[in-house]
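Q: Sharing a structure below in structure tokens format, with a few things to ask.
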Amino acid sequence: MTLNIKYIKHQDIDYKQWDNCVANAFNGIVYGYSWYLDIVCDSWDALVEGNYEIVMPLTFRVKYGIHYLYQPFFTQQLGLFSIKKLDASTTESFINAIPSIYRYTEINLNIFNKLEKKEWIGRRNSTYELDLIKDYEKLHKAYATNTKRNIKKAQDHKINVVKGSKPDVLINMFKADKGRDLKKLQEEDYNRLHKIMSFSISHNIGQIYFAHNDKNEVCAGAFFITANQKSIFLFSASNKDGKENSAMFAIIDSFIKVNAERNLTLDFEGSNIDGLARFYSSFGAKQCEYLTVKLNKLPLYLKFFKR
């Protein structure tokens with residue numbers, strides 16, 4: 001199949017056609033919509049095949065005068081989104097079509113983008129997905145024994161899960177806990193996250209679930225964003241009380257219970273970290289692989305270029 005792949009600068013992208021492609025793509029995901037890309041990165045161009053039948057965002061930065069492609073925070077997977085079948089040769093044609101102005105590339109494809117050129121694969125990553133089409137009883141039965149035990153523990157400590165709409169509460173809880181050690185997240189990144197939450201909640205595609213303790217104090221929270229029959233567990237936080245009382249187990253169980261028997265997939269958005277992988281898989285979620293593409297066309301004296 002001959003592909004007609006065009007490189008399109010950001011100002012020339014037809015947003016309507018772009019979003020129509022992502023909405024109708026068999027592998028569409030919320031990260032690929034124009035509004036989402038506009039929030040998570042300052043600059044992105046595109047590769048487009050035909051009449052926006054396959055699209056690939058090129059999220060870039062410029063450092064020391066060098067253009068490079070990178071994976072923005074809060075976008076686990078990007079790559080090619082297509083309304084028609086994809087194969088490894090199509091993915092490779094798009095990667096070959098990345099303009100030479102981009103001297104360094106380190107980006108994540110999505111789980112439906114395959115590669116045969118092993119030299120392009122910088123890393124193999126895992127995410128975990130759970131189809132919610134079954135009834136809650138069957139979904140709950142597939143939980144690991146320890147997960148069921150933790151849910152019972154949360155119930156015994158009178159953890160109550162309710163829906164909320166205050167991104168600040170969740171973000172500030174994260175900053176006070178993990179955020180203290182996670183220096184790679186800057187204030188600008190938290191602001192982007194806040195915009196994602198606010199936009200999606202106002203457009204009824206985002207929800208925050210908060211866990212309250214027996215004193216009615218928030219002790220944990222999680223943000224889910226839904227598009228293309230997929231809900232992504234995008235962001236979460238717990239304080240000491242929430243961790244001790246297994247509040248996050250209660251939150252995820254509550255989300256699954258509310259959305260059981262829907263044509264919906266819960267994407268836990270990770271992880272390559274063993275502990276988190278065990279946590280996600282303990283809800284019956286299945287492991288899926290997506291690839292990181294790494295290309296270095298820098299001159300030798302910039303061999304150790306880092307973003």
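Lettering and numbering for the structure tokens are positional, with chains as A, B, ... in the shown order, residues counted from 1 in each chain, and ligands counted from 1 in the shown order.
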Could you give me, as CSV, a per-residue list for segment 168-201 of chain A showing, wherever an atom lies at most 10 Å from an atom of segment 221-234 of chain A, the closest pair of atoms and their distance in Å to one decimal, using only C-alpha atoms and sorting by chain then residue number from low to high?

A:
residue,atom,partner,partner_atom,distance
A:Val169,CA,A:Gly221,CA,8.6
A:Leu170,CA,A:Gly221,CA,6.0
A:Ile171,CA,A:Gly221,CA,9.2
A:Met173,CA,A:Gly221,CA,8.5
A:Phe174,CA,A:Gly221,CA,9.2
A:Leu193,CA,A:Leu234,CA,9.6
A:Ile196,CA,A:Ile225,CA,9.0
A:Met197,CA,A:Phe223,CA,7.7
A:Ser200,CA,A:Ile225,CA,7.0
A:Ile201,CA,A:Ile225,CA,8.5

Q: What's the 8 Å shell around Gln77 of chain A, counting only C-alpha atoms, without same-chain residues fewer than 3 positions away, as number ranges by chain?

A: A: 31, 108-111, 290

Q: Those same residues, written as a short mmCIF file (atom, residue, chain, number, x, y, z; two decimals), in the first residue's frame with N, CA, C and O atoms?

A:
data_model
loop_
_atom_site.label_atom_id
_atom_site.label_comp_id
_atom_site.auth_asym_id
_atom_site.auth_seq_id
_atom_site.Cartn_x
_atom_site.Cartn_y
_atom_site.Cartn_z
N TYR A 31 -5.49 11.21 24.74
CA TYR A 31 -4.24 11.96 24.58
C TYR A 31 -4.08 12.54 23.18
O TYR A 31 -3.33 13.49 22.99
N ASN A 108 6.63 7.75 22.85
CA ASN A 108 5.89 6.50 23.05
C ASN A 108 4.84 6.33 21.96
O ASN A 108 4.06 7.26 21.69
N LEU A 109 4.80 5.17 21.37
CA LEU A 109 3.70 4.79 20.49
C LEU A 109 2.55 4.28 21.35
O LEU A 109 2.65 4.26 22.58
N ASN A 110 1.44 3.87 20.72
CA ASN A 110 0.35 3.27 21.49
C ASN A 110 0.34 1.75 21.29
O ASN A 110 1.10 1.22 20.49
N ILE A 111 -0.50 1.08 22.03
CA ILE A 111 -0.44 -0.39 22.07
C ILE A 111 -0.77 -1.04 20.73
O ILE A 111 -0.50 -2.23 20.54
N TYR A 290 3.36 -1.30 25.03
CA TYR A 290 3.54 -0.22 24.06
C TYR A 290 5.03 0.11 24.01
O TYR A 290 5.77 -0.14 24.97
#

Q: Which residue out of A:Asp45, A:Leu80, A:Asp135, A:Asn96 has the minimum interatomic distance to Lys114 of chain A when only C-alpha atoms are used?

A: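 Closest to Lys114 of chain A, using only C-alpha atoms: A:Leu80.
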
Q: Report, in Å with one decimal, the straight-line distance from atom CA of Phe279 of chain A to atom CA of Ala144 of chain A.

A: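 Going from atom CA of Phe279 of chain A over to atom CA of Ala144 of chain A covers 9.4 Å.
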
Q: Here is a test: counting only C-alpha atoms, which residue of A:Thr75, A:Asn160, A:Asn113, A:Gln11 is nearest to Ile54 of chain A?

A: A:Asn113

Q: Going by DSSP on the backbone, which residues of segment 201-304 of chain A come out as strand (DSSP E)? List them as a PyMOL selection string.

A: chain A and resi 206-212+218-227+230-238+265-267+286-296

Q: Skip Cys219 of chain A itself and residues of its chain fewer than 5 positions away, then list as a VMD selection string all residues within 10 Å of it, counting only C-alpha atoms.

A: chain A and resid 159 to 160 170 173 210 to 213 237 to 248

Q: Generate the output file for the selected residues, N, CA, C and O atoms, as a compact mmCIF listing (two decimals), in the first residue's frame.

A:
# COMPACT_ATOMS: atom_id res chain seq x y z
N ILE A 159 -14.29 3.98 55.21
CA ILE A 159 -13.90 4.82 54.07
C ILE A 159 -15.11 4.97 53.16
O ILE A 159 -15.72 3.97 52.74
N ASN A 160 -15.43 6.20 52.84
CA ASN A 160 -16.60 6.49 52.00
C ASN A 160 -16.13 7.17 50.72
O ASN A 160 -15.43 8.19 50.77
N LEU A 170 -7.05 17.47 45.01
CA LEU A 170 -6.29 16.28 44.62
C LEU A 170 -4.83 16.63 44.33
O LEU A 170 -3.91 15.93 44.78
N MET A 173 -2.90 17.46 47.52
CA MET A 173 -2.62 16.26 48.30
C MET A 173 -1.41 15.53 47.72
O MET A 173 -0.55 15.04 48.46
N PHE A 210 -13.25 10.92 45.38
CA PHE A 210 -12.56 11.20 46.64
C PHE A 210 -12.96 10.16 47.69
O PHE A 210 -14.13 9.76 47.78
N ALA A 211 -11.99 9.74 48.49
CA ALA A 211 -12.26 8.87 49.63
C ALA A 211 -12.22 9.71 50.90
O ALA A 211 -11.28 10.47 51.11
N HIS A 212 -13.25 9.58 51.73
CA HIS A 212 -13.33 10.29 53.00
C HIS A 212 -13.19 9.29 54.14
O HIS A 212 -13.72 8.18 54.07
N ASN A 213 -12.49 9.70 55.19
CA ASN A 213 -12.37 8.83 56.36
C ASN A 213 -13.58 8.98 57.27
O ASN A 213 -14.54 9.68 56.94
N ALA A 237 -3.77 10.42 44.38
CA ALA A 237 -2.98 10.82 45.55
C ALA A 237 -3.64 10.26 46.80
O ALA A 237 -4.86 10.08 46.86
N SER A 238 -2.81 9.98 47.79
CA SER A 238 -3.28 9.54 49.11
C SER A 238 -2.44 10.22 50.17
O SER A 238 -1.25 10.44 49.97
N ASN A 239 -3.06 10.53 51.31
CA ASN A 239 -2.25 10.97 52.45
C ASN A 239 -1.98 9.77 53.36
O ASN A 239 -2.34 8.63 53.02
N LYS A 240 -1.36 10.00 54.47
CA LYS A 240 -0.98 8.89 55.36
C LYS A 240 -2.19 8.08 55.79
O LYS A 240 -2.17 6.83 55.79
N ASP A 241 -3.26 8.75 56.14
CA ASP A 241 -4.48 8.08 56.59
C ASP A 241 -5.06 7.22 55.46
O ASP A 241 -5.48 6.08 55.69
N GLY A 242 -5.04 7.77 54.25
CA GLY A 242 -5.57 7.03 53.11
C GLY A 242 -4.78 5.76 52.82
O GLY A 242 -5.35 4.72 52.49
N LYS A 243 -3.46 5.87 52.96
CA LYS A 243 -2.61 4.69 52.73
C LYS A 243 -2.85 3.62 53.80
O LYS A 243 -2.96 2.43 53.48
N GLU A 244 -2.94 4.05 55.04
CA GLU A 244 -3.12 3.10 56.14
C GLU A 244 -4.46 2.38 56.06
O GLU A 244 -4.58 1.23 56.48
N ASN A 245 -5.45 3.05 55.49
CA ASN A 245 -6.81 2.48 55.44
C ASN A 245 -7.20 1.96 54.06
O ASN A 245 -8.38 1.73 53.79
N SER A 246 -6.20 1.81 53.17
CA SER A 246 -6.43 1.21 51.83
C SER A 246 -7.49 1.95 51.02
O SER A 246 -8.28 1.34 50.31
N ALA A 247 -7.47 3.29 51.13
CA ALA A 247 -8.51 4.08 50.48
C ALA A 247 -8.48 3.97 48.95
O ALA A 247 -9.53 4.01 48.30
N MET A 248 -7.27 3.83 48.36
CA MET A 248 -7.19 3.77 46.90
C MET A 248 -7.84 2.48 46.37
O MET A 248 -8.43 2.48 45.29

Q: Please report the interatomic distance between atom CA of Leu78 of chain A and atom CA of Ile66 of chain A in Å with one decimal.

A: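 Straight-line distance from atom CA of Leu78 of chain A to atom CA of Ile66 of chain A works out to 21.9 Å.
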
Q: Looking only at the backbone, which of the residues in segment 112-168 of chain A does DSSP tag as helix (DSSP H, G or I), as a list of chain:residue names?

A: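 Result set for segment 112-168 of chain A (helix (DSSP H, G or I)): A:Lys118, A:Glu119, A:Trp120, A:Tyr136, A:Glu137, A:Lys138, A:Leu139, A:His140, A:Lys141, A:Thr145, A:Asn146, A:Thr147, A:Lys148, A:Arg149, A:Asn150, A:Ile151, A:Lys152, A:Lys153, A:Ala154, A:Gln155, A:Asp156, A:Pro167, A:Asp168.
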
Q: Could you jot down the atom CA of Arg149 of chain A to atom CA of Ala285 of chain A separation for me, Å, one decimal place?

A: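 We find that atom CA of Arg149 of chain A and atom CA of Ala285 of chain A lie 17.5 Å from each other.
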
Q: Using only C-alpha atoms, pick whichever of A:Val62, A:Ile8, A:Leu3, A:Pro72 has the shortest atom-to-atom distance to Gly50 of chain A.

A: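 Distance minimum relative to Gly50 of chain A lands on A:Leu3.
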
Q: Out of A:Asn296, A:Glu187, A:Thr91, A:Gln287, which residue has the shortest atom-to-atom distance to Asn125 of chain A when counting only C-alpha atoms?

A: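 Using only C-alpha atoms, Asn125 of chain A sits closest to A:Gln287.
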
Q: Using only C-alpha atoms, which residues sit within 7 Å of Ile121 of chain A once same-chain residues fewer than 2 positions away are excluded, as a VMD selection string?

A: chain A and resid 118 to 119 123 291 to 294

Q: Pick out the residues sitting within 7 Å of Asn150 of chain A, and hand them over as a VMD selection string; count only C-alpha atoms, and ignore anything fewer than 4 positions along from it in its own chain.

A: chain A and resid 146 154 246 249

Q: Could you check the closest approach to Thr105 of chain A for each of A:Leu295, A:Leu266, A:Ala142, A:Ile256 and tell me which residue wins, using only C-alpha atoms?

A: A:Leu295

Q: Of the candidates A:Gln76, A:Thr147, A:Thr265, A:Ser236, which one gets nearest to Tyr280 of chain A if we count only C-alpha atoms?

A: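 Once distances to Tyr280 of chain A are computed over only C-alpha atoms, the minimum belongs to A:Thr147.
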
Q: Find the residues around Ala25 of chain A up to 7 Å (only C-alpha atoms counted), leave out those fewer than 3 positions away in its own chain, and share them as a ChimeraX atom specification.

A: /A:21-22,28,81-83

Q: Residues as selected, all heavy atoms, written as a JSON list (two decimals), in the first residue's frame, can you do that?

A:
[["chain", "number", "residue", "atom", "x", "y", "z"],
["A", 21, "CYS", "N", -10.63, 12.26, 13.06],
["A", 21, "CYS", "CA", -9.84, 11.04, 12.89],
["A", 21, "CYS", "C", -9.65, 10.34, 14.23],
["A", 21, "CYS", "O", -9.88, 9.12, 14.34],
["A", 21, "CYS", "CB", -8.48, 11.37, 12.28],
["A", 21, "CYS", "SG", -7.38, 9.93, 12.16],
["A", 22, "VAL", "N", -9.25, 11.08, 15.26],
["A", 22, "VAL", "CA", -9.02, 10.48, 16.57],
["A", 22, "VAL", "C", -10.32, 9.89, 17.13],
["A", 22, "VAL", "O", -10.33, 8.80, 17.71],
["A", 22, "VAL", "CB", -8.41, 11.50, 17.55],
["A", 22, "VAL", "CG1", -8.25, 10.89, 18.95],
["A", 22, "VAL", "CG2", -7.05, 11.99, 17.05],
["A", 28, "GLY", "N", -8.28, 5.17, 18.84],
["A", 28, "GLY", "CA", -8.32, 6.53, 19.38],
["A", 28, "GLY", "C", -8.23, 6.54, 20.90],
["A", 28, "GLY", "O", -8.69, 5.62, 21.58],
["A", 81, "PHE", "N", -2.71, 7.27, 15.09],
["A", 81, "PHE", "CA", -4.13, 7.01, 15.28],
["A", 81, "PHE", "C", -4.76, 6.88, 13.90],
["A", 81, "PHE", "O", -4.53, 7.72, 13.03],
["A", 81, "PHE", "CB", -4.79, 8.14, 16.08],
["A", 81, "PHE", "CG", -4.16, 8.34, 17.43],
["A", 81, "PHE", "CD1", -3.31, 9.41, 17.66],
["A", 81, "PHE", "CD2", -4.40, 7.45, 18.46],
["A", 81, "PHE", "CE1", -2.71, 9.58, 18.91],
["A", 81, "PHE", "CE2", -3.81, 7.61, 19.70],
["A", 81, "PHE", "CZ", -2.97, 8.68, 19.93],
["A", 82, "SER", "N", -5.55, 5.83, 13.71],
["A", 82, "SER", "CA", -5.97, 5.49, 12.36],
["A", 82, "SER", "C", -7.41, 4.99, 12.30],
["A", 82, "SER", "O", -7.86, 4.25, 13.18],
["A", 82, "SER", "CB", -5.04, 4.40, 11.79],
["A", 82, "SER", "OG", -5.47, 3.97, 10.52],
["A", 83, "ILE", "N", -8.11, 5.38, 11.23],
["A", 83, "ILE", "CA", -9.47, 4.87, 11.01],
["A", 83, "ILE", "C", -9.44, 3.60, 10.17],
["A", 83, "ILE", "O", -10.47, 3.01, 9.91],
["A", 83, "ILE", "CB", -10.38, 5.93, 10.35],
["A", 83, "ILE", "CG1", -9.84, 6.34, 8.98],
["A", 83, "ILE", "CG2", -10.54, 7.15, 11.25],
["A", 83, "ILE", "CD1", -10.77, 7.28, 8.22]]

Q: Compile the contact shell of His67 of chain A as a list in words: residues with an atom at most 8 Å away, counting only C-alpha atoms, same-chain residues fewer than 2 positions apart removed.

A: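 Residues meeting the cut-off are Phe60, Arg61, Val62, Lys63, Gly65, Leu69, Ile101, Tyr102, Arg103 and Tyr104 of chain A.
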
Q: Could you turn the residues from that selection into a file that holds N, CA, C and O atoms, as a compact mmCIF listing (two decimals), in the first residue's frame?

A:
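Saved to out.txt:
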# COMPACT_ATOMS: atom_id res chain seq x y z
N PHE A 60 7.16 18.50 20.19
CA PHE A 60 8.59 18.86 20.16
C PHE A 60 8.94 20.01 21.08
O PHE A 60 8.09 20.80 21.51
N ARG A 61 10.22 20.07 21.34
CA ARG A 61 10.83 21.20 22.04
C ARG A 61 12.08 21.61 21.29
O ARG A 61 12.57 20.86 20.43
N VAL A 62 12.61 22.77 21.65
CA VAL A 62 13.88 23.24 21.08
C VAL A 62 14.83 23.54 22.23
O VAL A 62 14.50 24.27 23.15
N LYS A 63 16.00 22.91 22.19
CA LYS A 63 17.00 23.10 23.24
C LYS A 63 18.36 23.33 22.57
O LYS A 63 18.76 22.54 21.70
N GLY A 65 18.99 25.30 20.35
CA GLY A 65 18.76 25.42 18.91
C GLY A 65 18.43 24.12 18.21
O GLY A 65 18.25 24.10 16.99
N LEU A 69 11.93 15.54 19.50
CA LEU A 69 10.62 15.02 19.85
C LEU A 69 10.68 14.36 21.22
O LEU A 69 11.62 13.62 21.52
N ILE A 101 14.60 17.82 10.58
CA ILE A 101 14.83 18.92 11.53
C ILE A 101 14.83 18.39 12.96
O ILE A 101 15.48 18.95 13.84
N TYR A 102 14.12 17.28 13.19
CA TYR A 102 14.09 16.69 14.53
C TYR A 102 15.27 15.74 14.67
O TYR A 102 15.26 14.63 14.15
N ARG A 103 16.29 16.19 15.38
CA ARG A 103 17.55 15.47 15.44
C ARG A 103 17.57 14.37 16.49
O ARG A 103 18.44 13.51 16.49
N TYR A 104 16.62 14.44 17.41
CA TYR A 104 16.57 13.43 18.47
C TYR A 104 15.10 13.11 18.75
O TYR A 104 14.26 14.01 18.80
